[in-house]
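Novice: My structure is in protein_37.csv, and what it holds is CSV, C-alpha atoms:
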```csv
chain,number,residue,atom,x,y,z
A,1,MET,CA,237.2,119.8,24.4
A,2,ALA,CA,234.9,120.4,27.4
A,3,GLU,CA,232.2,121.5,25.0
A,4,LYS,CA,232.5,118.3,23.1
A,5,ARG,CA,232.3,116.2,26.3
A,6,ASN,CA,229.2,118.1,27.3
A,7,LEU,CA,227.6,117.4,23.9
A,8,ILE,CA,228.4,113.7,24.2
A,9,LYS,CA,227.0,113.7,27.8
A,10,LYS,CA,223.8,115.5,26.6
A,11,ASN,CA,223.3,113.0,23.7
A,12,ASP,CA,223.9,110.1,26.1
A,13,TYR,CA,221.3,111.6,28.5
A,14,LYS,CA,218.7,111.9,25.7
A,15,LYS,CA,219.2,108.2,24.8
A,16,PHE,CA,219.0,107.3,28.5
A,17,LEU,CA,215.8,109.3,29.0
A,18,GLY,CA,214.3,107.9,25.8
A,19,ARG,CA,215.0,104.3,27.0
A,20,LEU,CA,213.4,105.0,30.4
A,21,LYS,CA,210.3,106.6,28.7
A,22,ASP,CA,209.9,103.5,26.6
A,23,GLU,CA,210.2,101.2,29.6
A,24,ILE,CA,207.6,103.3,31.5
A,25,ILE,CA,205.2,103.3,28.6
A,26,THR,CA,205.6,99.6,28.2
A,27,ALA,CA,205.0,99.0,31.9
A,28,GLN,CA,201.9,101.3,31.8
A,29,GLN,CA,200.5,99.3,28.9
A,30,LYS,CA,201.1,96.0,30.6
A,31,ALA,CA,199.4,97.3,33.8
A,32,TYR,CA,196.4,98.5,31.8
A,33,ARG,CA,196.0,95.2,30.0
A,34,THR,CA,196.2,93.3,33.3
A,35,VAL,CA,193.7,95.5,35.0
A,36,ASN,CA,191.4,95.4,31.9
A,37,ARG,CA,191.6,91.6,31.7
A,38,GLN,CA,190.8,91.3,35.4
A,39,LEU,CA,187.8,93.7,35.1
A,40,VAL,CA,186.3,91.9,32.1
A,41,GLU,CA,186.8,88.5,33.8
A,42,LEU,CA,185.0,89.9,36.9
A,43,TYR,CA,182.1,91.1,34.7
A,44,LEU,CA,181.9,87.7,33.0
A,45,SER,CA,181.8,86.0,36.4
A,46,ILE,CA,179.1,88.4,37.7
A,47,GLY,CA,177.2,87.8,34.4
A,48,GLU,CA,177.4,84.1,34.9
A,49,GLY,CA,176.1,84.4,38.5
A,50,ILE,CA,173.2,86.6,37.4
A,51,TYR,CA,172.3,84.2,34.6
A,52,GLU,CA,172.2,81.2,37.0
A,53,LYS,CA,170.0,83.0,39.5
A,54,VAL,CA,167.6,84.5,37.0
A,55,GLU,CA,167.4,81.8,34.3
A,56,VAL,CA,168.2,78.6,36.1
A,57,SER,CA,167.1,79.2,39.7
A,58,LYS,CA,164.2,81.4,38.6
A,59,TRP,CA,164.8,84.1,41.3
A,60,GLY,CA,163.1,86.6,39.1
A,61,GLN,CA,164.4,89.7,37.4
A,62,GLY,CA,163.9,91.9,40.4
A,63,ILE,CA,167.1,90.4,41.9
A,64,VAL,CA,169.2,92.4,39.5
A,65,GLU,CA,168.0,95.8,40.8
A,66,THR,CA,168.5,94.7,44.4
A,67,LEU,CA,171.9,93.4,43.6
A,68,SER,CA,172.8,96.7,41.9
A,69,GLN,CA,171.8,98.7,44.9
A,70,ASP,CA,173.7,96.5,47.3
A,71,LEU,CA,176.9,96.4,45.2
A,72,GLN,CA,176.9,100.2,44.8
A,73,ARG,CA,176.5,100.6,48.5
A,74,GLU,CA,179.3,98.1,49.4
A,75,PHE,CA,181.7,99.4,46.7
A,76,PRO,CA,180.9,103.2,46.4
A,77,ASP,CA,184.3,103.9,44.7
A,78,MET,CA,183.7,101.4,41.9
A,79,LYS,CA,181.7,102.2,38.8
A,80,GLY,CA,179.9,99.7,36.6
A,81,PHE,CA,177.4,98.2,39.0
A,82,SER,CA,174.3,100.0,37.7
A,83,LYS,CA,171.3,97.9,37.0
A,84,GLU,CA,171.8,98.4,33.2
A,85,ASN,CA,175.4,97.3,33.3
A,86,LEU,CA,174.6,94.2,35.3
A,87,TRP,CA,172.1,93.2,32.6
A,88,ARG,CA,174.9,93.8,30.0
A,89,MET,CA,177.2,91.4,32.0
A,90,LYS,CA,174.5,88.8,31.9
A,91,LYS,CA,174.1,89.2,28.1
A,92,LEU,CA,177.9,89.1,27.6
A,93,TYR,CA,178.1,85.8,29.5
A,94,GLU,CA,175.0,84.4,27.6
A,95,SER,CA,176.5,85.3,24.2
A,96,TYR,CA,179.7,83.4,24.7
A,97,ARG,CA,178.9,80.7,27.2
A,98,SER,CA,178.5,78.0,24.5
A,99,TYR,CA,181.7,79.1,22.7
A,100,PRO,CA,184.6,78.6,25.2
A,101,LYS,CA,187.2,79.5,22.6
A,102,LEU,CA,185.8,83.0,22.4
A,103,SER,CA,185.8,83.8,26.1
A,104,PRO,CA,189.6,84.4,26.2
A,105,LEU,CA,189.2,86.8,23.3
A,106,VAL,CA,186.7,88.8,25.2
A,107,THR,CA,189.1,89.5,28.1
A,108,GLU,CA,191.7,90.9,25.6
A,109,LEU,CA,189.4,93.9,24.8
A,110,SER,CA,188.1,96.7,27.0
A,111,TRP,CA,184.6,96.7,28.3
A,112,SER,CA,183.6,99.4,25.9
A,113,HIS,CA,185.0,97.4,22.9
A,114,ASN,CA,183.0,94.4,24.1
A,115,LEU,CA,179.8,96.3,24.4
A,116,VAL,CA,180.1,97.6,20.8
A,117,ILE,CA,180.6,94.0,19.5
A,118,LEU,CA,177.9,92.6,21.8
A,119,PHE,CA,175.2,95.0,20.6
A,120,GLN,CA,176.2,95.8,17.0
A,121,ALA,CA,177.4,92.4,15.8
A,122,GLU,CA,174.6,89.9,15.3
A,123,SER,CA,175.7,86.4,14.6
A,124,THR,CA,178.4,84.5,16.6
A,125,GLY,CA,180.5,84.4,13.5
A,126,GLU,CA,180.4,88.2,13.2
A,127,LYS,CA,181.2,88.6,16.8
A,128,GLU,CA,184.2,86.3,16.5
A,129,PHE,CA,185.4,88.2,13.4
A,130,TYR,CA,185.4,91.5,15.2
A,131,LEU,CA,186.9,90.1,18.4
A,132,LYS,CA,189.9,88.6,16.5
A,133,THR,CA,190.4,91.5,14.1
A,134,CYS,CA,190.1,94.2,16.8
A,135,ILE,CA,192.7,92.4,18.9
A,136,ASN,CA,195.1,91.9,15.9
A,137,GLU,CA,194.7,95.4,14.6
A,138,ARG,CA,194.5,97.1,17.9
A,139,TRP,CA,191.5,99.2,16.9
A,140,SER,CA,190.2,102.0,19.1
A,141,ARG,CA,186.6,101.8,20.0
A,142,ARG,CA,185.8,104.5,17.4
A,143,GLU,CA,187.7,102.6,14.7
A,144,LEU,CA,185.8,99.4,15.6
A,145,GLU,CA,182.5,101.2,15.3
A,146,ARG,CA,183.5,102.7,11.9
A,147,GLN,CA,184.5,99.3,10.6
A,148,ILE,CA,181.2,97.7,11.7
A,149,ASN,CA,179.2,100.6,10.2
A,150,ALA,CA,181.2,100.1,7.0
A,151,SER,CA,180.0,96.5,6.9
A,152,LEU,CA,183.6,95.1,7.0
A,153,TYR,CA,182.4,91.6,8.1
A,154,GLU,CA,179.8,91.3,5.4
A,155,ARG,CA,182.2,92.5,2.7
A,156,PHE,CA,184.9,90.2,4.0
A,157,MET,CA,182.6,87.2,3.9
A,158,LEU,CA,181.3,88.0,0.5
A,159,SER,CA,184.7,88.6,-0.9
A,160,ARG,CA,186.3,85.5,0.8
A,161,ARG,CA,189.7,87.3,0.4
A,162,THR,CA,191.5,87.9,3.6
A,163,ASP,CA,194.0,90.2,2.0
A,164,LYS,CA,191.4,92.4,0.4
A,165,LEU,CA,189.7,94.0,3.3
A,166,VAL,CA,191.6,93.2,6.5
A,167,PRO,CA,195.0,94.8,7.0
A,168,HIS,CA,198.0,92.8,8.4
A,169,SER,CA,199.5,95.1,11.0
A,170,LYS,CA,201.8,92.4,12.3
A,171,GLU,CA,203.7,92.2,9.0
A,172,LYS,CA,207.1,93.8,8.9
A,173,ASN,CA,206.6,95.0,5.3
A,174,LEU,CA,204.3,98.0,4.9
A,175,MET,CA,203.2,96.9,1.5
A,176,THR,CA,201.5,93.8,3.0
A,177,HIS,CA,199.9,96.1,5.6
A,178,LEU,CA,198.2,98.2,2.9
A,179,LYS,CA,194.8,97.0,1.9
A,180,VAL,CA,193.7,96.8,-1.7
A,181,GLU,CA,190.2,98.2,-1.1
A,182,TYR,CA,189.3,101.3,1.0
A,183,ILE,CA,186.0,102.7,2.1
A,184,PHE,CA,185.7,106.5,2.0
A,185,ASN,CA,182.0,106.8,2.8
A,186,PHE,CA,182.8,109.6,5.3
A,187,LEU,CA,183.9,112.0,2.6
A,188,GLY,CA,180.3,113.0,1.6
A,189,LEU,CA,181.2,113.3,-2.1
A,190,LYS,CA,178.4,113.6,-4.7
A,191,ASP,CA,178.4,111.8,-8.0
A,192,GLY,CA,180.7,113.2,-10.7
A,193,PHE,CA,183.4,114.4,-8.4
A,194,ALA,CA,186.8,115.3,-9.7
A,195,GLU,CA,190.3,114.3,-8.5
A,196,HIS,CA,190.8,117.6,-6.7
A,197,ASP,CA,187.4,117.1,-4.9
A,198,LEU,CA,188.6,113.7,-3.7
A,199,ARG,CA,191.9,115.1,-2.5
A,200,ARG,CA,190.3,118.1,-0.7
A,201,ALA,CA,187.7,115.9,1.0
A,202,ILE,CA,190.4,113.5,2.3
A,203,VAL,CA,192.4,116.4,3.7
A,204,THR,CA,189.3,117.9,5.3
A,205,ASN,CA,188.5,114.5,6.9
A,206,LEU,CA,192.0,113.4,7.9
A,207,LYS,CA,190.9,112.0,11.2
A,208,GLU,CA,188.5,109.6,9.5
A,209,PHE,CA,191.0,108.9,6.8
A,210,PHE,CA,193.6,107.8,9.4
A,211,LEU,CA,191.0,105.4,10.9
A,212,GLU,CA,190.7,103.7,7.6
A,213,PHE,CA,194.5,103.6,7.0
A,214,GLY,CA,195.8,103.0,10.5
A,215,SER,CA,197.0,105.2,13.4
A,216,HIS,CA,200.7,105.4,12.4
A,217,LEU,CA,200.4,107.8,9.5
A,218,ALA,CA,201.5,111.5,9.8
A,219,PHE,CA,200.3,114.0,7.3
A,220,VAL,CA,203.1,115.8,5.4
A,221,GLY,CA,201.2,117.7,2.7
A,222,GLU,CA,198.8,117.8,-0.3
A,223,GLU,CA,200.0,118.5,-3.8
A,224,TYR,CA,203.5,118.3,-2.3
A,225,LYS,CA,206.0,119.9,-4.7
A,226,ILE,CA,209.1,118.1,-5.8
A,227,THR,CA,211.6,119.9,-8.1
A,228,VAL,CA,213.5,117.7,-10.5
A,229,GLY,CA,215.7,119.4,-13.0
A,230,ASN,CA,214.0,122.6,-14.0
A,231,GLU,CA,210.4,121.3,-13.5
A,232,ASP,CA,208.1,121.1,-10.5
A,233,TYR,CA,206.0,118.0,-9.9
A,234,ASN,CA,203.2,117.7,-7.4
A,235,VAL,CA,202.4,114.5,-5.3
A,236,ASP,CA,198.7,114.3,-4.5
A,237,LEU,CA,199.1,113.3,-0.9
A,238,LEU,CA,202.3,112.7,1.1
A,239,PHE,CA,202.4,111.0,4.5
A,240,TYR,CA,205.0,109.6,6.8
A,241,HIS,CA,204.6,106.2,8.4
A,242,ARG,CA,206.0,106.3,11.9
A,243,GLN,CA,206.1,102.6,12.5
A,244,TYR,CA,207.9,101.7,9.2
A,245,ARG,CA,209.8,105.0,9.1
A,246,CYS,CA,209.2,105.8,5.5
A,247,LEU,CA,207.5,108.4,3.3
A,248,VAL,CA,204.2,107.2,1.8
A,249,THR,CA,202.9,108.9,-1.4
A,250,ILE,CA,199.3,108.5,-2.5
A,251,GLU,CA,198.1,109.2,-6.0
A,252,LEU,CA,194.4,109.7,-6.5
A,253,LYS,CA,192.5,108.6,-9.7
A,254,ILE,CA,188.8,108.8,-10.3
A,255,GLY,CA,188.8,106.2,-13.0
A,256,ARG,CA,190.2,102.8,-13.9
A,257,PHE,CA,193.9,102.0,-13.3
A,258,LYS,CA,196.2,102.7,-16.3
A,259,PRO,CA,199.7,101.2,-16.7
A,260,GLU,CA,201.3,104.6,-17.1
A,261,TYR,CA,200.3,105.4,-13.5
A,262,ALA,CA,203.0,102.9,-12.3
A,263,GLY,CA,205.8,104.7,-14.2
A,264,LYS,CA,204.8,108.0,-12.8
A,265,MET,CA,204.7,106.6,-9.3
A,266,ARG,CA,208.2,105.1,-9.7
A,267,PHE,CA,209.4,108.5,-10.8
A,268,TYR,CA,207.9,110.1,-7.7
A,269,LEU,CA,209.4,107.5,-5.3
A,270,ASN,CA,212.9,107.9,-6.8
A,271,ALA,CA,212.7,111.6,-6.5
A,272,LEU,CA,211.5,111.4,-2.9
A,273,ASP,CA,214.3,109.0,-1.9
A,274,GLU,CA,216.9,111.2,-3.5
A,275,LYS,CA,215.7,114.6,-2.3
A,276,LEU,CA,213.7,114.1,0.8
A,277,LYS,CA,214.4,110.8,2.5
A,278,LEU,CA,216.8,110.8,5.5
A,279,ASP,CA,219.6,108.4,5.6
A,280,GLU,CA,218.2,106.4,8.6
A,281,GLU,CA,214.7,106.1,6.9
A,282,ASN,CA,213.5,103.3,4.7
A,283,PRO,CA,212.8,103.7,1.0
A,284,SER,CA,209.5,105.5,0.1
A,285,VAL,CA,206.4,103.5,-0.9
A,286,GLY,CA,203.6,104.5,-3.1
A,287,LEU,CA,199.8,103.7,-3.2
A,288,ILE,CA,197.8,104.4,-6.3
A,289,LEU,CA,194.1,104.7,-5.4
A,290,CYS,CA,191.8,104.1,-8.3
A,291,LYS,CA,188.0,103.7,-8.7
A,292,SER,CA,188.5,100.3,-10.4
A,293,LYS,CA,191.3,98.1,-11.8
A,294,ASP,CA,191.9,95.0,-13.9
A,295,GLU,CA,194.0,92.6,-11.8
A,296,GLU,CA,196.0,91.3,-14.8
A,297,VAL,CA,196.9,94.9,-16.0
A,298,VAL,CA,198.0,95.7,-12.4
A,299,ARG,CA,200.1,92.6,-12.2
A,300,ILE,CA,202.0,93.2,-15.4
A,301,ALA,CA,202.3,97.0,-14.8
A,302,ILE,CA,203.7,96.6,-11.3
A,303,SER,CA,205.7,93.4,-11.6
A,304,LYS,CA,208.6,92.6,-9.3
A,305,ALA,CA,210.4,95.7,-10.3
A,306,LEU,CA,207.9,97.9,-8.5
A,307,ALA,CA,207.7,96.1,-5.2
A,308,SER,CA,207.3,99.4,-3.4
A,309,VAL,CA,204.1,100.3,-5.3
A,310,LYS,CA,200.6,99.0,-4.6
A,311,VAL,CA,197.3,99.6,-6.4
A,312,ALA,CA,194.1,99.8,-4.4
A,313,THR,CA,190.5,100.6,-5.2
A,314,TYR,CA,188.2,102.8,-3.1
A,315,LYS,CA,184.5,103.2,-2.6
A,316,THR,CA,182.9,106.5,-1.6
A,317,LYS,CA,179.5,104.8,-0.9
A,318,ILE,CA,178.7,101.4,0.4
A,319,ILE,CA,175.6,99.2,0.0
A,320,ASP,CA,173.2,99.4,2.9
A,321,ARG,CA,174.3,97.0,5.7
A,322,LYS,CA,170.9,95.3,5.8
A,323,LEU,CA,171.1,94.5,2.1
A,324,LEU,CA,174.6,93.1,2.5
A,325,LYS,CA,173.4,91.0,5.4
A,326,ASN,CA,170.5,89.6,3.4
A,327,LYS,CA,172.9,88.8,0.5
A,328,LEU,CA,175.3,87.1,2.9
A,329,HIS,CA,172.6,85.0,4.6
A,330,SER,CA,171.4,83.8,1.2
A,331,LEU,CA,174.6,82.1,0.5
A,332,PRO,CA,174.7,78.3,1.3
A,333,TRP,CA,178.2,78.3,2.6
A,334,VAL,CA,177.8,80.9,5.3
A,335,GLY,CA,177.9,79.3,8.8
A,336,GLU,CA,177.9,80.7,12.3
A,337,GLY,CA,181.7,80.4,13.0
A,338,MET,CA,184.7,81.7,11.1
A,339,GLN,CA,186.4,79.3,8.7
```
Could you show the structure in this file as structure tokens?

Specialist:
Amino acid sequence: MAEKRNLIKKNDYKKFLGRLKDEIITAQQKAYRTVNRQLVELYLSIGEGIYEKVEVSKWGQGIVETLSQDLQREFPDMKGFSKENLWRMKKLYESYRSYPKLSPLVTELSWSHNLVILFQAESTGEKEFYLKTCINERWSRRELERQINASLYERFMLSRRTDKLVPHSKEKNLMTHLKVEYIFNFLGLKDGFAEHDLRRAIVTNLKEFFLEFGSHLAFVGEEYKITVGNEDYNVDLLFYHRQYRCLVTIELKIGRFKPEYAGKMRFYLNALDEKLKLDEENPSVGLILCKSKDEEVVRIAISKALASVKVATYKTKIIDRKLLKNKLHSLPWVGEGMQ
């Protein structure tokens, strides 16, 4: 009886500890966001002051070096007052001073995030796109840089389909979070690769793969064996999604989508739910990654009966960013701001 009470007490303590940890982490995150917002607001204010003295009052550029030296002497424990960083503050203010709706977005991101967007995004529309998407998707700086290098903005504007390239991390349903086009230019695959080459390249580059899919995936295994009856079946890639608490199986195809892929995926999902899923977890979902697809074939093959299956395409190479920009700028409907 005493042993049972001790077990109950131990379980209650674990729950209590877990709740306190969550509260501490939440408080830390709120404190970080508050400090970050105040820091970026300060930098914007300093940038505005420098802009007024250099550009309006014509004090000359030498004032920035003098200001840097004086600020570093007055605040030796604070970093960020180098001459180079003061010029960055001025540029940040200049870039958004005519767009008051964007200034609040700037303060939602870290200084390092803002510098990436400031110097790598060219037009105001592109800056706005990455500001909003970075905030919504909570990208790390590395993930932001990868998306810019993968020409996400240009591809988004050329496609004009918001559900094609940009995930929806705020959705409660994982299927709406999954994109329908992925960029795997980090795999380094040569032309004529086979399915096993694609699978091995993904496993070898899991860190980059997670940047494309999101930070909540956990790798379970490749060619994961499921035994049904007297036969063994191998799932190409199996993951666990921590946020949605479900198994995610990915099937890799090097060609065009075929209807029979949907039936095979349904079989895998049923087997995973019966043999591997825990009672407290949500039903498994499947993603079929193909080189290309016909939308009508996909619609009929998936239908409402397979709501837990999504078909996506992937690219292992992307068009040069300059070429995409030239193509984008040649279109008559492209403006400075987001639509």

Novice: Tell me, as a ChimeraX atom specification, which residues lie within 10 Å of region 31-40 of chain A, counting all atoms listed in the file; anything in the same chain fewer than 2 positions away does not count.

Specialist: /A:25-29,42-46,89,92,104-111,114

Novice: What separation in Å, quoted to one decimal, exists between CA of Phe129 (chain A) and CA of Pro100 (chain A)?

Specialist: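 That distance, rounded to one decimal, is 15.2 Å.
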
Novice: From the list A:Tyr261, A:Phe239, A:Tyr314, A:Tyr99, which residue is nearest Val285 (chain A) when using only C-alpha atoms?

Specialist: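 Among the listed residues, A:Phe239 lies closest to Val285 (chain A).
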
Novice: Applying 9 Å and all atoms listed in the file, which residues near region 216-224 of chain A remain after dropping the ones on its own chain fewer than 5 positions away? List them as a list of chain:residue names.

Specialist: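 Non-adjacent residues within range: A:Arg199, A:Arg200, A:Val203, A:Leu206, A:Phe210, A:Tyr233, A:Asn234, A:Val235, A:Asp236, A:Leu237, A:Leu238, A:Phe239, A:Tyr240, A:His241, A:Arg242, A:Gln243, A:Tyr244, A:Leu247, A:Val248.
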
Novice: What's around Asn185 (chain A) at 8 Å? Count only C-alpha atoms, leave out sequence neighbours fewer than 5 positions away in its own chain, and write the answer as a ChimeraX atom specification.

Specialist: /A:150,315-318

Novice: May I have the protein, DNA and RNA residues with an atom at most 8 Å from (208.3, 113.8, -6.2), counting all atoms listed in the file in the file's coordinates, returned as a PyMOL selection string?

Specialist: chain A and resi 224-228+233-235+267-272

Novice: Could you please determine the separation between CA of Gly263 (chain A) and CA of Glu280 (chain A) in Å, to one decimal place?

Specialist: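 These two atoms are separated by 26.0 Å.
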
Novice: Using all atoms listed in the file, find the one residue out of A:Asn149, A:Thr204, A:Ser284, A:Asn85 that sits nearest to Arg266 (chain A).

Specialist: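 The closest residue to Arg266 (chain A) is A:Ser284.
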
Novice: I'd like to know which of A:Gly125, A:Met78, A:Gln120, A:His177 is closest to Met157 (chain A), using all atoms listed in the file.

Specialist: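 Counting all atoms listed in the file, the residue closest to Met157 (chain A) is A:Gly125.
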
Novice: Hey, can you check how far CA of Ser112 (chain A) sits from CA of Phe81 (chain A)?

Specialist: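 Taking CA of Ser112 (chain A) as the start and CA of Phe81 (chain A) as the end point, the length is 14.5 Å.
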
Novice: Report as a ChimeraX atom specification all protein, DNA and RNA residues lying within 9 Å of Phe209 (chain A), evaluated on all atoms listed in the file, omitting residues in the same chain fewer than 5 positions from it.

Specialist: /A:184,186-187,202-203,214

Novice: Need to verify the contact set: Leu289 (chain A), 12 Å, all atoms listed in the file, exclusion of same-chain residues closer than 5 positions in sequence. Can you return it as JSON, numbers by chain?

Specialist: {"A": [178, 179, 180, 181, 182, 183, 184, 195, 198, 199, 236, 237, 249, 250, 251, 252, 253, 254, 255, 256, 257, 258, 261, 262, 265, 309, 310, 311, 312, 313, 314, 315, 316]}

Novice: Output region 31-40 of chain A with all heavy atoms present, as a PDB file, in the coordinates of the input.

Specialist:
```
ATOM      1  N   ALA A  31     200.287  97.108  32.584  1.00  0.00           N
ATOM      2  CA  ALA A  31     199.400  97.300  33.800  1.00  0.00           C
ATOM      3  C   ALA A  31     197.975  97.474  33.333  1.00  0.00           C
ATOM      4  O   ALA A  31     197.054  96.892  33.919  1.00  0.00           O
ATOM      5  CB  ALA A  31     199.903  98.437  34.607  1.00  0.00           C
ATOM      6  N   TYR A  32     197.779  98.270  32.286  1.00  0.00           N
ATOM      7  CA  TYR A  32     196.400  98.500  31.800  1.00  0.00           C
ATOM      8  C   TYR A  32     195.787  97.239  31.277  1.00  0.00           C
ATOM      9  O   TYR A  32     194.625  96.945  31.574  1.00  0.00           O
ATOM     10  CB  TYR A  32     196.451  99.571  30.678  1.00  0.00           C
ATOM     11  CG  TYR A  32     195.121  99.731  29.983  1.00  0.00           C
ATOM     12  CD1 TYR A  32     194.085 100.462  30.562  1.00  0.00           C
ATOM     13  CD2 TYR A  32     194.886  99.127  28.734  1.00  0.00           C
ATOM     14  CE1 TYR A  32     192.861 100.592  29.941  1.00  0.00           C
ATOM     15  CE2 TYR A  32     193.656  99.251  28.109  1.00  0.00           C
ATOM     16  CZ  TYR A  32     192.647  99.991  28.715  1.00  0.00           C
ATOM     17  OH  TYR A  32     191.437 100.110  28.095  1.00  0.00           O
ATOM     18  N   ARG A  33     196.571  96.463  30.510  1.00  0.00           N
ATOM     19  CA  ARG A  33     196.000  95.200  30.000  1.00  0.00           C
ATOM     20  C   ARG A  33     195.665  94.239  31.087  1.00  0.00           C
ATOM     21  O   ARG A  33     194.657  93.541  31.016  1.00  0.00           O
ATOM     22  CB  ARG A  33     197.037  94.575  29.006  1.00  0.00           C
ATOM     23  CG  ARG A  33     197.158  95.300  27.669  1.00  0.00           C
ATOM     24  CD  ARG A  33     197.882  94.446  26.649  1.00  0.00           C
ATOM     25  NE  ARG A  33     199.271  94.213  27.010  1.00  0.00           N
ATOM     26  CZ  ARG A  33     200.285  94.975  26.632  1.00  0.00           C
ATOM     27  NH1 ARG A  33     200.061  96.044  25.885  1.00  0.00           N
ATOM     28  NH2 ARG A  33     201.525  94.693  26.987  1.00  0.00           N
ATOM     29  N   THR A  34     196.511  94.202  32.133  1.00  0.00           N
ATOM     30  CA  THR A  34     196.200  93.300  33.300  1.00  0.00           C
ATOM     31  C   THR A  34     194.980  93.717  33.997  1.00  0.00           C
ATOM     32  O   THR A  34     194.114  92.881  34.292  1.00  0.00           O
ATOM     33  CB  THR A  34     197.432  93.313  34.236  1.00  0.00           C
ATOM     34  OG1 THR A  34     198.615  92.866  33.559  1.00  0.00           O
ATOM     35  CG2 THR A  34     197.160  92.394  35.427  1.00  0.00           C
ATOM     36  N   VAL A  35     194.846  95.020  34.280  1.00  0.00           N
ATOM     37  CA  VAL A  35     193.700  95.500  35.000  1.00  0.00           C
ATOM     38  C   VAL A  35     192.413  95.301  34.130  1.00  0.00           C
ATOM     39  O   VAL A  35     191.360  94.880  34.623  1.00  0.00           O
ATOM     40  CB  VAL A  35     193.818  97.017  35.319  1.00  0.00           C
ATOM     41  CG1 VAL A  35     192.508  97.601  35.833  1.00  0.00           C
ATOM     42  CG2 VAL A  35     194.923  97.217  36.350  1.00  0.00           C
ATOM     43  N   ASN A  36     192.532  95.571  32.828  1.00  0.00           N
ATOM     44  CA  ASN A  36     191.400  95.400  31.900  1.00  0.00           C
ATOM     45  C   ASN A  36     190.947  93.945  31.889  1.00  0.00           C
ATOM     46  O   ASN A  36     189.751  93.639  31.948  1.00  0.00           O
ATOM     47  CB  ASN A  36     191.760  95.873  30.532  1.00  0.00           C
ATOM     48  CG  ASN A  36     190.667  95.586  29.519  1.00  0.00           C
ATOM     49  OD1 ASN A  36     189.654  96.271  29.474  1.00  0.00           O
ATOM     50  ND2 ASN A  36     190.855  94.552  28.711  1.00  0.00           N
ATOM     51  N   ARG A  37     191.916  93.029  31.780  1.00  0.00           N
ATOM     52  CA  ARG A  37     191.600  91.600  31.700  1.00  0.00           C
ATOM     53  C   ARG A  37     190.866  91.173  32.991  1.00  0.00           C
ATOM     54  O   ARG A  37     189.869  90.435  32.951  1.00  0.00           O
ATOM     55  CB  ARG A  37     192.856  90.786  31.507  1.00  0.00           C
ATOM     56  CG  ARG A  37     192.583  89.294  31.326  1.00  0.00           C
ATOM     57  CD  ARG A  37     193.864  88.506  31.114  1.00  0.00           C
ATOM     58  NE  ARG A  37     194.526  88.877  29.868  1.00  0.00           N
ATOM     59  CZ  ARG A  37     195.654  89.580  29.796  1.00  0.00           C
ATOM     60  NH1 ARG A  37     196.257  89.974  30.914  1.00  0.00           N
ATOM     61  NH2 ARG A  37     196.192  89.870  28.642  1.00  0.00           N
ATOM     62  N   GLN A  38     191.374  91.629  34.147  1.00  0.00           N
ATOM     63  CA  GLN A  38     190.800  91.300  35.400  1.00  0.00           C
ATOM     64  C   GLN A  38     189.345  91.822  35.536  1.00  0.00           C
ATOM     65  O   GLN A  38     188.436  91.152  36.051  1.00  0.00           O
ATOM     66  CB  GLN A  38     191.623  91.751  36.579  1.00  0.00           C
ATOM     67  CG  GLN A  38     192.957  91.017  36.694  1.00  0.00           C
ATOM     68  CD  GLN A  38     193.865  91.603  37.757  1.00  0.00           C
ATOM     69  OE1 GLN A  38     193.675  92.748  38.188  1.00  0.00           O
ATOM     70  NE2 GLN A  38     194.854  90.832  38.179  1.00  0.00           N
ATOM     71  N   LEU A  39     189.139  93.043  35.023  1.00  0.00           N
ATOM     72  CA  LEU A  39     187.800  93.700  35.100  1.00  0.00           C
ATOM     73  C   LEU A  39     186.808  92.913  34.240  1.00  0.00           C
ATOM     74  O   LEU A  39     185.699  92.609  34.702  1.00  0.00           O
ATOM     75  CB  LEU A  39     187.902  95.122  34.647  1.00  0.00           C
ATOM     76  CG  LEU A  39     186.583  95.907  34.690  1.00  0.00           C
ATOM     77  CD1 LEU A  39     186.107  96.047  36.133  1.00  0.00           C
ATOM     78  CD2 LEU A  39     186.745  97.280  34.041  1.00  0.00           C
ATOM     79  N   VAL A  40     187.191  92.593  33.006  1.00  0.00           N
ATOM     80  CA  VAL A  40     186.300  91.900  32.100  1.00  0.00           C
ATOM     81  C   VAL A  40     186.002  90.473  32.636  1.00  0.00           C
ATOM     82  O   VAL A  40     184.877  89.975  32.549  1.00  0.00           O
ATOM     83  CB  VAL A  40     186.814  91.855  30.678  1.00  0.00           C
ATOM     84  CG1 VAL A  40     185.903  91.027  29.772  1.00  0.00           C
ATOM     85  CG2 VAL A  40     186.941  93.268  30.120  1.00  0.00           C
TER      86      VAL A  40
END
```
